[in-house]
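*Asks:* upload12.csv is the file, holding CSV, C-alpha atoms:
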chain,number,residue,atom,x,y,z
A,101,MET,CA,2.1,94.1,-32.6
A,102,ALA,CA,4.5,92.2,-30.5
A,103,HIS,CA,7.9,91.3,-32.1
A,104,GLU,CA,6.9,92.8,-35.4
A,105,TYR,CA,10.0,92.7,-37.5
A,106,VAL,CA,10.6,95.7,-39.6
A,107,PRO,CA,13.5,95.0,-42.0
A,108,GLU,CA,16.1,97.6,-42.6
A,109,VAL,CA,16.6,98.5,-46.2
A,110,ALA,CA,19.7,100.0,-47.7
A,111,ILE,CA,19.6,101.8,-51.1
A,112,ASP,CA,22.6,101.9,-53.3
A,113,ARG,CA,23.6,104.7,-55.7
A,114,GLU,CA,21.5,103.3,-58.5
A,115,GLY,CA,18.5,103.3,-56.3
A,116,ASN,CA,18.3,99.6,-55.8
A,117,GLU,CA,17.0,98.3,-52.5
A,118,HIS,CA,18.9,95.7,-50.5
A,119,LEU,CA,17.6,94.0,-47.4
A,120,VAL,CA,19.9,94.4,-44.4
A,121,GLN,CA,20.4,91.2,-42.3
A,122,GLY,CA,18.7,91.7,-38.9
A,123,TRP,CA,19.4,89.6,-35.9
A,124,GLN,CA,16.3,90.5,-33.7
A,125,ASP,CA,14.8,87.0,-34.0
A,126,ASP,CA,18.0,85.0,-34.0
A,127,TYR,CA,16.7,82.1,-31.9
A,128,PHE,CA,19.9,80.0,-32.0
A,129,GLY,CA,22.1,83.1,-31.3
A,130,GLY,CA,20.1,83.9,-28.3
A,131,LYS,CA,20.4,80.3,-27.0
A,132,MET,CA,24.2,80.2,-27.6
A,133,GLY,CA,24.7,83.5,-25.9
A,134,PHE,CA,22.9,82.2,-22.8
A,135,TRP,CA,25.0,79.0,-22.8
A,136,LEU,CA,28.1,81.2,-22.7
A,137,PHE,CA,26.7,83.1,-19.7
A,138,MET,CA,26.0,79.8,-18.0
A,139,PHE,CA,29.6,78.7,-18.4
A,140,THR,CA,30.6,81.8,-16.3
A,141,GLU,CA,28.3,80.5,-13.6
A,142,VAL,CA,29.8,77.0,-13.8
A,143,MET,CA,33.3,78.5,-13.5
A,144,MET,CA,32.3,80.4,-10.4
A,145,PHE,CA,30.7,77.5,-8.6
A,146,SER,CA,33.5,75.1,-9.7
A,147,ALA,CA,36.1,77.3,-8.0
A,148,MET,CA,34.0,77.1,-4.8
A,149,PHE,CA,33.6,73.3,-5.1
A,150,LEU,CA,37.4,73.1,-5.6
A,151,THR,CA,38.1,75.1,-2.5
A,152,LEU,CA,35.6,73.0,-0.6
A,153,SER,CA,37.3,69.8,-1.7
A,154,TYR,CA,40.7,71.1,-0.8
A,155,TYR,CA,39.5,72.0,2.7
A,156,TYR,CA,37.9,68.6,3.0
A,157,THR,CA,41.3,66.9,2.3
A,158,LEU,CA,42.9,69.0,5.0
A,159,HIS,CA,40.2,68.4,7.7
A,160,PRO,CA,38.2,65.3,6.7
A,161,GLN,CA,37.2,64.4,10.3
A,162,ASP,CA,35.9,67.9,11.1
A,163,TYR,CA,34.1,68.0,7.8
A,164,THR,CA,32.4,64.7,8.4
A,165,GLU,CA,31.3,65.7,11.9
A,166,ALA,CA,30.1,69.1,10.8
A,167,SER,CA,28.1,67.6,7.9
A,168,ALA,CA,26.5,65.1,10.3
A,169,HIS,CA,25.0,68.0,12.2
A,170,LEU,CA,23.2,69.4,9.2
A,171,ASN,CA,19.4,68.8,8.9
A,172,ARG,CA,19.3,66.1,6.1
A,173,LEU,CA,15.5,66.0,6.2
A,174,LEU,CA,15.1,69.6,5.3
A,175,GLY,CA,18.0,69.5,2.8
A,176,GLY,CA,16.5,66.3,1.2
A,177,PHE,CA,13.1,67.9,1.0
A,178,ASN,CA,14.6,70.8,-0.8
A,179,THR,CA,16.4,68.5,-3.2
A,180,VAL,CA,13.2,66.7,-4.1
A,181,ILE,CA,11.1,69.9,-4.6
A,182,LEU,CA,13.8,71.6,-6.7
A,183,LEU,CA,13.9,68.5,-8.9
A,184,ILE,CA,10.1,68.7,-9.3
A,185,SER,CA,10.4,72.4,-10.1
A,186,ALA,CA,12.8,71.7,-13.0
A,187,TRP,CA,10.2,69.3,-14.3
A,188,THR,CA,7.4,71.8,-14.0
A,189,MET,CA,9.5,74.5,-15.7
A,190,GLY,CA,10.3,72.1,-18.6
A,191,LEU,CA,6.7,71.1,-19.0
A,192,GLY,CA,5.8,74.8,-19.1
A,193,LEU,CA,8.2,75.4,-21.9
A,194,LEU,CA,6.8,72.4,-23.8
A,195,LYS,CA,3.3,73.8,-23.3
A,196,MET,CA,4.4,77.2,-24.7
A,197,ARG,CA,6.1,75.5,-27.7
A,198,SER,CA,2.9,73.5,-28.4
A,199,GLY,CA,0.8,76.7,-28.4
A,200,ASP,CA,-0.9,76.3,-25.0
A,201,VAL,CA,0.1,79.7,-23.5
A,202,SER,CA,-2.3,79.5,-20.6
A,203,GLY,CA,-1.0,76.0,-19.6
A,204,ALA,CA,2.6,77.4,-19.8
A,205,LYS,CA,1.7,80.2,-17.4
A,206,LYS,CA,0.3,77.7,-14.9
A,207,PHE,CA,3.5,75.7,-15.0
A,208,ILE,CA,5.6,78.8,-14.5
A,209,LEU,CA,3.4,79.8,-11.5
A,210,ALA,CA,3.9,76.3,-10.1
A,211,THR,CA,7.6,76.6,-10.5
A,212,MET,CA,7.6,80.0,-8.8
A,213,PHE,CA,5.6,78.5,-5.9
A,214,ILE,CA,8.1,75.6,-5.4
A,215,ALA,CA,11.1,78.0,-5.7
A,216,ALA,CA,9.6,80.2,-2.9
A,217,LEU,CA,8.9,77.1,-0.8
A,218,PHE,CA,12.6,76.1,-1.3
A,219,LEU,CA,13.7,79.5,0.1
A,220,VAL,CA,11.3,79.2,3.1
A,221,VAL,CA,12.6,75.8,4.0
A,222,LYS,CA,16.2,77.1,3.6
A,223,GLY,CA,15.2,80.0,5.9
A,224,PHE,CA,14.0,77.5,8.6
A,225,GLU,CA,17.2,75.5,8.2
A,226,TRP,CA,19.4,78.6,8.7
A,227,HIS,CA,17.3,79.7,11.6
A,228,GLU,CA,17.8,76.3,13.3
A,229,GLU,CA,21.6,76.5,12.7
A,230,TYR,CA,21.6,80.1,14.2
A,231,GLU,CA,19.8,78.8,17.2
A,232,HIS,CA,22.5,76.2,17.7
A,233,GLY,CA,25.1,78.9,17.6
A,234,ILE,CA,26.3,78.2,14.1
A,235,PHE,CA,26.2,81.3,11.8
A,236,LEU,CA,28.7,83.5,10.0
A,237,GLY,CA,30.3,85.9,12.5
A,238,HIS,CA,28.3,84.4,15.4
A,239,GLY,CA,28.5,81.8,18.1
A,240,HIS,CA,30.8,78.8,17.6
A,241,LEU,CA,32.2,80.2,14.4
A,242,ILE,CA,34.0,83.0,16.2
A,243,GLU,CA,34.9,81.0,19.2
A,244,GLU,CA,38.6,80.3,19.8
A,245,GLY,CA,39.3,76.7,20.0
A,246,TYR,CA,36.4,75.6,17.8
A,247,PRO,CA,37.9,73.2,15.2
A,248,LEU,CA,39.2,75.1,12.2
A,249,GLY,CA,37.9,72.4,9.8
A,250,LYS,CA,34.3,73.0,11.1
A,251,LYS,CA,34.7,76.7,10.8
A,252,LEU,CA,35.8,76.2,7.2
A,253,PHE,CA,33.0,73.8,6.5
A,254,TYR,CA,30.2,76.1,7.8
A,255,GLY,CA,31.8,79.1,6.2
A,256,MET,CA,31.6,77.4,2.8
A,257,TYR,CA,28.2,76.0,3.6
A,258,PHE,CA,26.7,79.4,4.3
A,259,THR,CA,28.5,81.0,1.4
A,260,MET,CA,27.5,78.4,-1.2
A,261,THR,CA,24.0,77.7,0.0
A,262,GLY,CA,23.5,81.5,0.3
A,263,LEU,CA,24.8,82.2,-3.2
A,264,HIS,CA,22.6,79.3,-4.5
A,265,GLY,CA,19.6,80.8,-2.6
A,266,PHE,CA,20.4,84.1,-4.3
A,267,HIS,CA,20.2,82.4,-7.6
A,268,VAL,CA,16.8,80.9,-6.7
A,269,LEU,CA,15.6,84.5,-5.8
A,270,ILE,CA,16.9,85.8,-9.2
A,271,GLY,CA,15.1,82.9,-10.8
A,272,ILE,CA,11.8,83.9,-9.2
A,273,GLY,CA,12.3,87.5,-10.4
A,274,LEU,CA,13.0,86.2,-13.9
A,275,MET,CA,9.8,84.1,-13.9
A,276,ILE,CA,7.8,87.2,-12.8
A,277,TRP,CA,9.3,89.1,-15.7
A,278,LEU,CA,8.6,86.2,-18.0
A,279,LEU,CA,4.9,86.1,-17.0
A,280,LYS,CA,4.7,89.9,-17.6
A,281,ARG,CA,6.2,89.4,-21.1
A,282,ILE,CA,3.8,86.6,-21.9
A,283,ASN,CA,0.8,88.7,-20.7
A,284,ALA,CA,2.1,91.6,-22.9
A,285,GLY,CA,2.2,89.2,-25.9
A,286,LYS,CA,6.0,89.7,-26.2
A,287,VAL,CA,6.6,86.0,-25.5
A,288,THR,CA,4.5,83.7,-27.8
A,289,PRO,CA,4.8,80.1,-29.1
A,290,GLU,CA,6.5,81.5,-32.1
A,291,HIS,CA,8.9,83.8,-30.1
A,292,HIS,CA,9.7,82.0,-26.9
A,293,ILE,CA,13.5,82.3,-26.7
A,294,LEU,CA,13.2,84.2,-23.4
A,295,HIS,CA,11.1,81.3,-21.9
A,296,PHE,CA,13.7,78.8,-23.2
A,297,ASN,CA,16.6,80.7,-21.7
A,298,ILE,CA,14.9,81.2,-18.3
A,299,ALA,CA,14.1,77.4,-18.3
A,300,LEU,CA,17.8,76.8,-19.0
A,301,TYR,CA,18.7,79.1,-16.1
A,302,TRP,CA,16.4,77.2,-13.8
A,303,ASP,CA,18.0,73.9,-14.9
A,304,LEU,CA,21.4,75.4,-14.0
A,305,VAL,CA,20.1,76.4,-10.5
A,306,HIS,CA,18.9,72.8,-10.1
A,307,LEU,CA,22.2,71.4,-11.5
A,308,ILE,CA,24.3,73.4,-8.9
A,309,TRP,CA,22.1,72.0,-6.1
A,310,VAL,CA,22.7,68.4,-7.4
A,311,PHE,CA,26.3,68.9,-6.2
A,312,VAL,CA,25.7,71.2,-3.3
A,313,PHE,CA,23.5,68.7,-1.5
A,314,PRO,CA,25.8,65.7,-1.4
A,315,TYR,CA,28.9,67.8,-0.8
A,316,PHE,CA,27.5,69.3,2.4
A,317,TYR,CA,24.7,67.1,3.7
A,318,MET,CA,25.7,63.5,2.7
A,319,ILE,CA,29.5,63.2,3.4
A,320,GLY,CA,28.7,62.9,7.1
A,321,ALA,CA,25.4,61.0,6.7
A,322,ALA,CA,26.9,57.7,7.9
A,323,HIS,CA,27.8,59.4,11.2
A,324,GLY,CA,24.6,61.4,11.4
A,325,HIS,CA,22.1,61.9,14.1
B,1239,MET,CA,14.6,84.3,-40.2
B,1240,ALA,CA,13.0,81.1,-39.0
B,1241,THR,CA,11.8,81.9,-35.5
B,1242,ASN,CA,9.2,79.2,-35.1
B,1243,GLU,CA,11.5,76.3,-35.8
B,1244,GLN,CA,11.2,75.2,-32.2
B,1245,THR,CA,7.4,75.0,-32.0
B,1246,VAL,CA,6.0,71.4,-31.7
B,1247,ASP,CA,3.1,69.5,-33.0
B,1248,THR,CA,0.8,67.3,-30.9
B,1249,ALA,CA,2.8,64.0,-31.6
B,1250,LEU,CA,6.1,65.6,-30.8
B,1251,TYR,CA,4.6,67.3,-27.7
B,1252,GLU,CA,3.4,63.9,-26.4
B,1253,ARG,CA,6.8,62.3,-27.1
B,1254,GLU,CA,8.7,65.1,-25.3
B,1255,LYS,CA,6.3,65.1,-22.4
B,1256,GLY,CA,6.9,61.3,-22.0
B,1257,THR,CA,10.7,62.0,-22.0
B,1258,TYR,CA,10.2,64.7,-19.2
B,1259,HIS,CA,8.3,62.2,-17.1
B,1260,LYS,CA,10.9,59.4,-17.6
B,1261,ILE,CA,13.8,61.7,-16.7
B,1262,LEU,CA,11.9,62.9,-13.6
B,1263,ILE,CA,11.5,59.2,-12.5
B,1264,GLY,CA,15.2,58.6,-13.2
B,1265,LEU,CA,16.2,61.6,-11.2
B,1266,LEU,CA,14.0,60.7,-8.3
B,1267,ILE,CA,15.5,57.2,-8.2
B,1268,LEU,CA,19.0,58.6,-8.2
B,1269,THR,CA,18.0,61.0,-5.4
B,1270,ALA,CA,16.7,58.0,-3.4
B,1271,ILE,CA,20.1,56.3,-4.0
B,1272,THR,CA,21.8,59.5,-2.8
B,1273,PHE,CA,19.9,59.2,0.6
B,1274,VAL,CA,20.5,55.5,1.2
B,1275,GLN,CA,24.1,55.1,-0.2
B,1276,PRO,CA,26.0,56.0,3.0
B,1277,HIS,CA,24.0,53.4,5.0
B,1278,LEU,CA,23.9,50.6,2.3
B,1279,PHE,CA,27.1,50.6,0.2
B,1280,LEU,CA,30.5,52.2,-0.2
B,1281,ALA,CA,30.2,53.8,3.3
B,1282,HIS,CA,34.0,54.2,3.4
B,1283,ALA,CA,34.0,56.2,0.1
B,1284,THR,CA,30.8,58.3,0.5
B,1285,PHE,CA,32.4,61.4,-1.0
B,1286,GLU,CA,33.4,59.5,-4.2
B,1287,ALA,CA,30.1,57.6,-4.4
B,1288,GLN,CA,28.0,60.8,-4.0
B,1289,LEU,CA,30.0,62.5,-6.7
B,1290,LEU,CA,29.4,59.6,-9.0
B,1291,ILE,CA,25.6,59.8,-8.4
B,1292,GLY,CA,25.8,63.6,-8.8
B,1293,PHE,CA,27.4,63.2,-12.3
B,1294,ALA,CA,24.8,60.7,-13.4
B,1295,LYS,CA,22.0,63.2,-12.3
B,1296,ALA,CA,23.9,66.1,-14.0
B,1297,TRP,CA,24.1,64.1,-17.2
B,1298,LEU,CA,20.3,63.5,-17.3
B,1299,ILE,CA,19.6,67.2,-16.6
B,1300,VAL,CA,22.0,68.6,-19.1
B,1301,ALA,CA,21.2,66.1,-21.9
B,1302,TYR,CA,17.4,66.1,-21.6
B,1303,TYR,CA,16.1,69.0,-19.5
B,1304,MET,CA,18.6,71.4,-21.0
B,1305,HIS,CA,18.1,69.7,-24.4
B,1306,LEU,CA,21.8,69.3,-25.1
B,1307,LYS,CA,21.1,66.0,-26.9
B,1308,SER,CA,18.9,67.6,-29.5
B,1309,GLU,CA,21.0,70.8,-29.8
B,1310,LYS,CA,23.3,71.6,-32.7
B,1311,PRO,CA,26.8,70.1,-32.3
B,1312,VAL,CA,28.4,73.5,-31.7
B,1313,ILE,CA,26.7,73.9,-28.3
B,1314,GLY,CA,27.9,70.4,-27.3
B,1315,ILE,CA,31.4,71.3,-28.4
B,1316,MET,CA,31.2,74.5,-26.3
B,1317,VAL,CA,30.0,72.5,-23.2
B,1318,ALA,CA,32.8,70.0,-23.7
B,1319,PHE,CA,35.4,72.7,-24.0
B,1320,ALA,CA,34.1,74.5,-20.9
B,1321,LEU,CA,34.2,71.3,-18.9
B,1322,MET,CA,37.7,70.5,-20.1
B,1323,LEU,CA,38.8,74.0,-18.9
B,1324,VAL,CA,37.2,73.3,-15.5
B,1325,LEU,CA,39.0,70.0,-15.4
B,1326,PHE,CA,42.3,71.6,-16.3
B,1327,PHE,CA,42.0,74.1,-13.5
B,1328,PHE,CA,41.0,71.4,-11.1
B,1329,VAL,CA,44.0,69.2,-12.0
B,1330,THR,CA,46.5,72.1,-12.0
B,1331,THR,CA,45.2,73.3,-8.6
B,1332,ILE,CA,45.3,69.8,-7.1
B,1333,ILE,CA,48.9,69.3,-8.4
B,1334,ASP,CA,49.8,72.8,-7.0
B,1335,VAL,CA,48.4,72.2,-3.5
B,1336,HIS,CA,50.1,68.8,-3.4
B,1337,HIS,CA,53.4,70.6,-3.6
B,1338,PHE,CA,52.4,73.6,-1.5
B,1339,GLN,CA,55.6,75.3,-0.3
B,1340,PHE,CA,54.1,77.4,2.4
B,1341,THR,CA,52.4,74.7,4.6
B,1342,ASP,CA,54.2,76.0,7.7
B,1343,GLU,CA,53.3,79.6,7.0
B,1344,SER,CA,49.6,79.3,6.2
B,1345,TYR,CA,47.3,79.1,9.2
B,1346,ILE,CA,44.9,77.0,7.2
B,1347,THR,CA,47.6,74.2,6.8
B,1348,ASN,CA,50.0,74.6,9.7
B,1349,GLY,CA,47.5,73.5,12.3
B,1350,THR,CA,47.9,76.3,14.8
B,1351,LEU,CA,44.2,77.0,14.8
B,1352,LYS,CA,43.2,73.3,15.5
Go ahead and render the structure in this file as structure tokens.

*Replies:*
Amino acid sequence: MAHEYVPEVAIDREGNEHLVQGWQDDYFGGKMGFWLFMFTEVMMFSAMFLTLSYYYTLHPQDYTEASAHLNRLLGGFNTVILLISAWTMGLGLLKMRSGDVSGAKKFILATMFIAALFLVVKGFEWHEEYEHGIFLGHGHLIEEGYPLGKKLFYGMYFTMTGLHGFHVLIGIGLMIWLLKRINAGKVTPEHHILHFNIALYWDLVHLIWVFVFPYFYMIGAAHGH
Amino acid sequence: MATNEQTVDTALYEREKGTYHKILIGLLILTAITFVQPHLFLAHATFEAQLLIGFAKAWLIVAYYMHLKSEKPVIGIMVAFALMLVLFFFVTTIIDVHHFQFTDESYITNGTLK
């Protein structure tokens, strides 16, 4: 049986049995541990945002011009679908907590589909930029005389959206794993900490994009094409 | 150990579902403001305005989608402490780069690659 908790028993010299405290089903501990992990992610992305802001203060004009060239339509589309995916993930967790396992699985599948769509759109966007000679180690970014501010902007753009995309990919992997655990009866309405933490992770991925999008796509929007 | 403390009954389910819908609408409205802001207001301070909208969205996500509002206070304290640490590093770095002694030596700041 899934998650069957077999308590450990210690016997003293007199032969008395004592129940040993087990932490296998420590719901709150599992949640707190995951929050600690998320802080490390926040620290990593914060350092990148700080670098980005510093470069922006050094080359505001180049940054604004480079930002104006990004495809806001695709970026905006991705912003909206990621927002909707956070909603579907949350509703899935709610379904699980209320005992509707099949409903929860449908919402997880919907979230996975949106996440995959996000990556496909991002792929089109990167391809478009590559075609315009803007890509790491390629075209304008290795040209002498191309403004340094734009090189820094696009360098940070590919690094941060790439790292974020990698997190989306990990999220899809986690959701596949979650579905397998649900199907195996290891994640149930009574034992859903894994589902809860993966939903937290997905909210974090969404949260990071909430700042990535305006930082890169919107600062040059007033000068956009 | 109480493992099913987080399961919900029908009434609570409906209430939480309603909250999820309301937050979705709130986030969609803020996203719409993100798109129109550079063309409608504070165009000279887009960076700051966008950050402000971003923080409002982040608050909704953390408080409601990540359930911080209904969590035990210890998690809220941890989040506050982590954010204060981030703020501390931001402030110290900003002060440091403001007094950067190697402006002429660094190719990023000396303008030789412009």

*Asks:* What are the residues of chain A that have an atom within 8 Å of an atom of chain B, counting all atoms listed in the file, as a ChimeraX atom specification?

*Replies:* /A:125-127,132,135,139,143,146,150,154,158,176,179-180,183-184,186-187,190-191,194-195,197-199,245-249,289-291,299-300,303,307,310-311,314-315,318-319,321-322

*Asks:* If I take CA of Phe266 (chain A) and CA of Leu219 (chain A), how far is one from the other in Å, to one decimal?

*Replies:*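 Calculated distance between CA of Phe266 (chain A) and CA of Leu219 (chain A) is 9.2 Å.
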
*Asks:* If we count all atoms listed in the file and set the cut-off at 9 Å, which residues sit around Glu229 (chain A), ignoring sequence neighbours fewer than 6 positions away in its own chain? Please answer as a ChimeraX atom specification.

*Replies:* /A:170-171,235

*Asks:* If I take CA of Lys280 (chain A) and CA of Leu263 (chain A), how far is one from the other in Å, to one decimal?

*Replies:* 25.9 Å

*Asks:* Find the distance between CA of Glu228 (chain A) and CA of Met148 (chain A) and write it in Å to one decimal.

*Replies:*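 Between CA of Glu228 (chain A) and CA of Met148 (chain A) the gap is 24.3 Å.
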
*Asks:* Do you know which residues are at most 12 Å from Ile270 (chain A) counting only C-alpha atoms, after dropping those on the same chain fewer than 6 positions away, and could you put them as a ChimeraX atom specification?

*Replies:* /A:212,215-216,219,263-264,276-277,298,301-302,305
